[in-house]
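One file, work13.tsv, is given below (TSV, C-alpha atoms).
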```tsv
chain	number	residue	atom	x	y	z
A	1	SER	CA	125.36	85.29	89.65
A	2	ASP	CA	129.08	85.75	90.27
A	3	ASN	CA	131.30	82.71	89.77
A	4	ASN	CA	131.95	82.51	93.51
A	5	THR	CA	128.43	83.10	94.76
A	6	THR	CA	125.69	80.61	95.47
A	7	PRO	CA	123.45	80.34	92.42
A	8	SER	CA	119.88	81.55	92.69
A	9	LYS	CA	116.98	79.13	92.52
A	10	GLU	CA	116.17	80.54	89.08
A	11	GLU	CA	119.68	79.83	87.84
A	12	GLU	CA	119.70	76.31	89.28
A	13	ALA	CA	116.33	75.51	87.70
A	14	ALA	CA	117.35	76.88	84.29
A	15	ARG	CA	120.69	75.09	84.37
A	16	ALA	CA	119.01	71.78	85.29
A	17	ALA	CA	116.45	72.20	82.51
A	18	PHE	CA	119.08	72.95	79.87
A	19	THR	CA	119.87	69.53	78.40
A	20	ASN	CA	122.44	70.41	75.72
A	21	ASP	CA	125.64	69.39	77.52
A	22	SER	CA	127.78	70.15	74.47
A	23	ALA	CA	126.77	73.83	74.76
A	24	PHE	CA	128.10	73.82	78.34
A	25	MET	CA	131.30	72.24	77.01
A	26	ILE	CA	131.78	75.01	74.44
A	27	ALA	CA	131.18	77.63	77.15
A	28	TYR	CA	133.71	75.89	79.39
A	29	GLU	CA	136.35	75.77	76.66
A	30	ARG	CA	135.80	79.44	75.80
A	31	ALA	CA	136.12	80.23	79.50
A	32	LEU	CA	139.48	78.44	79.66
A	33	GLU	CA	140.79	80.59	76.83
A	34	THR	CA	139.35	83.79	78.29
A	35	ALA	CA	141.07	83.06	81.62
A	36	LYS	CA	144.46	83.42	79.90
A	37	GLY	CA	143.92	87.18	79.94
A	38	SER	CA	143.43	89.68	77.14
A	39	ASP	CA	147.12	89.73	76.20
A	40	ALA	CA	147.32	85.96	75.63
A	41	ALA	CA	143.78	84.83	74.82
A	42	LEU	CA	142.65	84.50	71.20
A	43	ILE	CA	139.07	85.22	72.28
A	44	VAL	CA	137.46	86.95	75.24
A	45	ASP	CA	134.01	85.82	76.31
A	46	PRO	CA	133.13	87.57	79.58
A	47	PHE	CA	130.04	85.38	80.05
A	48	ALA	CA	131.58	81.96	79.39
A	49	ALA	CA	132.72	81.22	82.94
A	50	LYS	CA	129.29	82.05	84.38
A	51	LEU	CA	127.57	79.85	81.81
A	52	ALA	CA	130.03	76.99	82.32
A	53	LYS	CA	129.60	76.89	86.07
A	54	GLY	CA	128.99	73.34	87.27
A	55	SER	CA	130.46	70.07	86.11
A	56	LYS	CA	128.73	69.28	82.83
A	57	GLY	CA	130.93	71.28	80.48
A	58	LYS	CA	134.19	70.41	82.24
A	59	GLU	CA	133.42	66.69	82.32
A	60	LEU	CA	132.47	66.51	78.65
A	61	SER	CA	135.54	68.51	77.60
A	62	GLU	CA	137.79	66.19	79.60
A	63	ALA	CA	136.05	63.16	78.07
A	64	PHE	CA	136.80	64.50	74.59
A	65	ALA	CA	140.43	65.05	75.55
A	66	ALA	CA	140.79	61.55	76.97
A	67	GLY	CA	138.72	59.71	74.39
A	68	GLN	CA	137.38	61.02	71.12
A	69	ALA	CA	140.02	63.65	70.38
A	70	GLY	CA	142.93	61.51	71.52
A	71	ALA	CA	142.30	57.86	70.77
A	72	ALA	CA	139.71	57.99	68.01
A	73	PHE	CA	141.44	60.51	65.77
A	74	GLY	CA	145.04	60.23	66.88
A	75	LEU	CA	145.21	63.92	67.70
A	76	TRP	CA	146.66	65.74	70.67
A	77	PRO	CA	144.48	65.75	73.82
A	78	GLU	CA	143.92	69.50	73.63
A	79	PHE	CA	142.59	69.25	70.08
A	80	HIS	CA	138.94	69.94	70.83
A	81	ARG	CA	139.67	72.87	73.15
A	82	THR	CA	142.01	74.34	70.54
A	83	TRP	CA	139.46	73.75	67.78
A	84	THR	CA	136.72	75.47	69.80
A	85	VAL	CA	138.87	78.55	70.31
A	86	VAL	CA	140.11	78.74	66.71
A	87	ARG	CA	136.59	78.26	65.34
A	88	THR	CA	135.24	80.94	67.66
A	89	LYS	CA	138.04	83.34	66.70
A	90	PHE	CA	137.48	82.75	62.98
A	91	ILE	CA	133.73	83.38	63.23
A	92	ASP	CA	134.15	86.45	65.45
A	93	ASP	CA	136.67	87.96	63.02
A	94	THR	CA	134.57	87.07	59.98
A	95	LEU	CA	131.49	88.71	61.48
A	96	SER	CA	133.50	91.82	62.25
A	97	GLU	CA	134.87	91.98	58.71
A	98	LEU	CA	131.50	91.39	57.06
A	99	LEU	CA	129.84	94.09	59.12
A	100	ARG	CA	132.70	96.53	58.60
A	101	SER	CA	132.74	96.00	54.83
A	102	SER	CA	128.97	96.49	54.64
A	103	THR	CA	129.13	99.95	56.18
A	104	THR	CA	128.65	102.47	53.42
A	105	THR	CA	128.88	105.65	55.50
A	106	THR	CA	131.39	107.02	57.97
A	107	THR	CA	128.76	107.67	60.61
A	108	THR	CA	127.07	105.19	62.92
A	109	SER	CA	123.73	106.78	63.65
A	110	ASP	CA	120.58	104.67	63.64
A	111	ASP	CA	119.27	106.61	60.65
A	112	ASP	CA	122.28	105.59	58.55
A	113	ASN	CA	122.04	101.96	59.61
A	114	ASP	CA	118.34	101.92	58.72
A	115	ASP	CA	119.26	102.84	55.14
A	116	ASP	CA	121.13	99.53	54.76
A	117	PRO	CA	119.88	97.13	57.47
A	118	ILE	CA	121.64	93.84	58.12
A	119	GLN	CA	120.09	90.86	59.86
A	120	PHE	CA	121.95	88.15	61.74
A	121	VAL	CA	120.51	84.62	62.00
A	122	ASN	CA	122.35	82.25	64.34
A	123	LEU	CA	121.20	78.68	63.68
A	124	GLY	CA	121.47	76.17	66.51
A	125	ALA	CA	122.71	78.96	68.76
A	126	GLY	CA	122.89	76.93	71.98
A	127	LEU	CA	124.53	79.11	74.67
A	128	ASP	CA	126.22	81.43	72.19
A	129	THR	CA	126.86	84.95	73.53
A	130	ARG	CA	128.02	86.84	70.45
A	131	CYS	CA	125.03	89.20	70.47
A	132	PHE	CA	126.02	90.24	74.00
A	133	ARG	CA	129.81	90.46	73.64
A	134	LEU	CA	130.68	91.58	70.08
A	135	GLU	CA	130.43	95.35	69.64
A	136	CYS	CA	130.45	94.95	65.86
A	137	LEU	CA	126.89	93.64	66.13
A	138	GLN	CA	125.74	97.20	66.85
A	139	ARG	CA	125.51	97.30	63.06
A	140	VAL	CA	122.84	94.56	63.10
A	141	SER	CA	119.22	95.71	62.91
A	142	ASN	CA	117.68	92.34	63.87
A	143	ALA	CA	119.45	89.34	65.44
A	144	LEU	CA	117.57	86.05	65.61
A	145	GLU	CA	119.00	83.17	67.64
A	146	VAL	CA	117.42	79.92	66.49
A	147	ASP	CA	117.15	76.68	68.42
A	148	MET	CA	114.51	74.23	69.56
A	149	ASP	CA	112.08	75.29	72.26
A	150	VAL	CA	113.58	72.76	74.70
A	151	ILE	CA	116.86	74.68	74.37
A	152	ASN	CA	115.61	78.25	74.07
A	153	THR	CA	113.26	78.26	77.05
A	154	PRO	CA	115.88	77.32	79.69
A	155	LYS	CA	118.54	79.34	77.84
A	156	LYS	CA	116.44	82.49	78.13
A	157	ALA	CA	115.82	81.79	81.81
A	158	LEU	CA	119.53	81.12	82.43
A	159	PHE	CA	120.59	84.30	80.64
A	160	GLU	CA	118.10	86.30	82.71
A	161	ALA	CA	119.33	84.70	85.94
A	162	LEU	CA	122.94	85.53	85.03
A	163	ASP	CA	122.05	89.07	83.91
A	164	ILE	CA	123.11	88.47	80.32
A	165	SER	CA	120.45	90.80	79.09
A	166	THR	CA	121.85	93.67	77.01
A	167	PRO	CA	122.59	92.75	73.38
A	168	PHE	CA	124.59	95.07	71.15
A	169	CYS	CA	122.20	94.61	68.23
A	170	ARG	CA	119.17	96.86	68.10
A	171	LYS	CA	116.64	94.02	68.08
A	172	HIS	CA	117.21	90.54	69.46
A	173	SER	CA	114.96	87.48	69.61
A	174	PHE	CA	115.16	83.82	70.58
A	175	VAL	CA	113.40	81.95	67.78
A	176	CYS	CA	112.14	78.41	68.37
A	177	ALA	CA	112.32	76.09	65.36
A	178	ASP	CA	113.13	72.49	64.52
A	179	LEU	CA	115.50	72.72	61.55
A	180	LYS	CA	114.46	69.26	60.39
A	181	GLU	CA	110.85	70.36	59.91
A	182	ALA	CA	110.35	71.82	56.44
A	183	GLY	CA	109.08	75.40	56.44
A	184	GLN	CA	109.22	75.84	60.20
A	185	LEU	CA	112.39	77.93	60.23
A	186	GLN	CA	111.20	80.46	57.65
A	187	ALA	CA	107.76	80.79	59.22
A	188	ASN	CA	109.12	81.39	62.71
A	189	LEU	CA	111.79	83.78	61.51
A	190	GLU	CA	109.15	85.86	59.74
A	191	ARG	CA	107.04	85.94	62.93
A	192	ASN	CA	110.02	87.62	64.60
A	193	GLY	CA	110.53	90.31	61.99
A	194	PHE	CA	112.85	88.57	59.51
A	195	ASP	CA	112.77	90.26	56.10
A	196	GLU	CA	114.09	88.09	53.27
A	197	SER	CA	114.67	91.18	51.13
A	198	GLN	CA	117.34	92.47	53.53
A	199	LYS	CA	121.00	91.55	53.74
A	200	THR	CA	121.45	88.68	56.18
A	201	ILE	CA	124.40	86.92	57.76
A	202	PHE	CA	123.62	83.27	58.53
A	203	LEU	CA	125.73	81.39	61.06
A	204	ALA	CA	125.55	77.60	61.37
A	205	GLU	CA	128.23	76.76	63.93
A	206	GLY	CA	128.40	73.11	64.98
A	207	ILE	CA	124.84	72.34	63.86
A	208	ILE	CA	124.99	70.70	60.42
A	209	MET	CA	126.22	67.35	61.80
A	210	TYR	CA	123.05	67.05	63.88
A	211	LEU	CA	120.77	67.32	60.85
A	212	GLY	CA	121.79	63.88	59.56
A	213	ASP	CA	120.38	62.91	56.16
A	214	GLN	CA	118.55	66.22	55.90
A	215	SER	CA	121.68	68.38	56.12
A	216	GLN	CA	122.17	68.64	52.35
A	217	ALA	CA	118.54	69.59	51.73
A	218	PHE	CA	118.72	72.16	54.53
A	219	LEU	CA	121.82	73.81	53.07
```
Represent the structure contained in this file as structure tokens.
Amino acid sequence: SDNNTTPSKEEEAARAAFTNDSAFMIAYERALETAKGSDAALIVDPFAAKLAKGSKGKELSEAFAAGQAGAAFGLWPEFHRTWTVVRTKFIDDTLSELLRSSTTTTTTSDDDNDDDPIQFVNLGAGLDTRCFRLECLQRVSNALEVDMDVINTPKKALFEALDISTPFCRKHSFVCADLKEAGQLQANLERNGFDESQKTIFLAEGIIMYLGDQSQAFL
């Protein structure tokens, strides 16, 4: 739905079922940066404002500015919003560079890409939209966005309701896995076409902290 239109019942249901408020916050903060316009913004996420619609993301971002980012760490109130944008910019640019440097031919046909396929695994993807907004991911043969089922099911429904449905990569899947459960990630990736013999870019943005004592073993 458009930012100024009444949301559909499908969108409202998916948004209510999506319980990861921090993902709405990241979308909101990316939307703030995008609203600066292409000449001033460090990143442009055309889907962020639609995803951030509602109060959850805005309220959590403002809470970080007033509390955690300001008082707890002695940083400027805009710290978290700035950090979100800089982190997003760094990852976007790194993905672009990795995919550009991996290209061994001057052509971009599917046949050439099949000779040297690259997979992209996004761990704890939340409401990430890179597969739908970064043209460099045309180089990716198989993109797998990993999160728990309680996140992926409403995310998929919300993306469908907002018509976020055309990824740049040639194959795209939402993979459900609990990263704390040994063996579950690999098994579920393989069910969705992951090939461990192929080059793969792994992204773990803002997820390691949630793994607690198991983070070291996971890495």
Close residues, range 163-178 of chain A itself excluded, 10 Å, only C-alpha atoms, min 5 positions apart in chain, as a PyMOL selection string: chain A and resi 1+47+50-51+110+119-125+129-153+155-158+183-193+211
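Shortest atom-to-atom contact with Gln198 in chain A among A:Phe159, A:Ile118, A:Leu179, A:Pro77: A:Ile118, counting all atoms listed in the file.
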Closest of A:Glu97, A:Glu59, A:Asp21, A:Glu29 to His80 in chain A - atom-to-atom distances counting all atoms listed in the file: A:Glu29
Between CA of Phe64 in chain A and CA of Ala35 in chain A, distance in Å (one decimal):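 According to the coordinates, CA of Phe64 in chain A and CA of Ala35 in chain A are separated by 20.3 Å.
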Given only C-alpha atoms as the counted atoms, nearest of A:Asp93, A:Glu78, A:Glu181, A:Asp128 to Gln214 in chain A: A:Glu181
If we count all atoms listed in the file, what is near Tyr28 in chain A at a cut-off of 10 Å, once residues fewer than 4 positions away on the same chain are taken out, given as a PDB file with C-alpha atoms, in the coordinates of the input?
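Output contents, as saved in part_15.pdb:
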```
ATOM      1  CA  SER A  22     127.780  70.150  74.470  1.00  0.00           C
ATOM      2  CA  ALA A  23     126.770  73.830  74.760  1.00  0.00           C
ATOM      3  CA  PHE A  24     128.100  73.820  78.340  1.00  0.00           C
ATOM      4  CA  LEU A  32     139.480  78.440  79.660  1.00  0.00           C
ATOM      5  CA  GLU A  33     140.790  80.590  76.830  1.00  0.00           C
ATOM      6  CA  THR A  34     139.350  83.790  78.290  1.00  0.00           C
ATOM      7  CA  ALA A  48     131.580  81.960  79.390  1.00  0.00           C
ATOM      8  CA  ALA A  49     132.720  81.220  82.940  1.00  0.00           C
ATOM      9  CA  LYS A  50     129.290  82.050  84.380  1.00  0.00           C
ATOM     10  CA  LEU A  51     127.570  79.850  81.810  1.00  0.00           C
ATOM     11  CA  ALA A  52     130.030  76.990  82.320  1.00  0.00           C
ATOM     12  CA  LYS A  53     129.600  76.890  86.070  1.00  0.00           C
ATOM     13  CA  GLY A  54     128.990  73.340  87.270  1.00  0.00           C
ATOM     14  CA  SER A  55     130.460  70.070  86.110  1.00  0.00           C
ATOM     15  CA  LYS A  56     128.730  69.280  82.830  1.00  0.00           C
ATOM     16  CA  GLY A  57     130.930  71.280  80.480  1.00  0.00           C
ATOM     17  CA  LYS A  58     134.190  70.410  82.240  1.00  0.00           C
ATOM     18  CA  GLU A  59     133.420  66.690  82.320  1.00  0.00           C
ATOM     19  CA  LEU A  60     132.470  66.510  78.650  1.00  0.00           C
ATOM     20  CA  SER A  61     135.540  68.510  77.600  1.00  0.00           C
ATOM     21  CA  ARG A  81     139.670  72.870  73.150  1.00  0.00           C
TER      22      ARG A  81
END
```
For Lys180 in chain A, the nearest of the candidates A:Phe194, A:Lys89, A:Leu203, A:Tyr210, counting only C-alpha atoms: A:Tyr210
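Here CA of Asp39 in chain A is placed at a distance of 15.1 Å from CA of Val85 in chain A.
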Counting only C-alpha atoms, the residue of A:Leu98, A:Ile201, A:Gly37, A:Met25 that sits nearest Ala65 in chain A: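 Answer, going by the shortest atom-to-atom distance: A:Met25.
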Pick from A:Asp195, A:Glu12, A:Asp45, A:Asp213, whichever lies nearest to Leu127 in chain A using all atoms listed in the file: A:Asp45
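Here CA of Thr200 in chain A stands at a distance of 13.5 Å from CA of Ser101 in chain A.
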Protein, DNA and RNA residues within 6 Å of (118.2, 74.7, 80.0), all atoms listed in the file, as an NGL selection string: :A and (14-15 or 17-19 or 151 or 154-155)
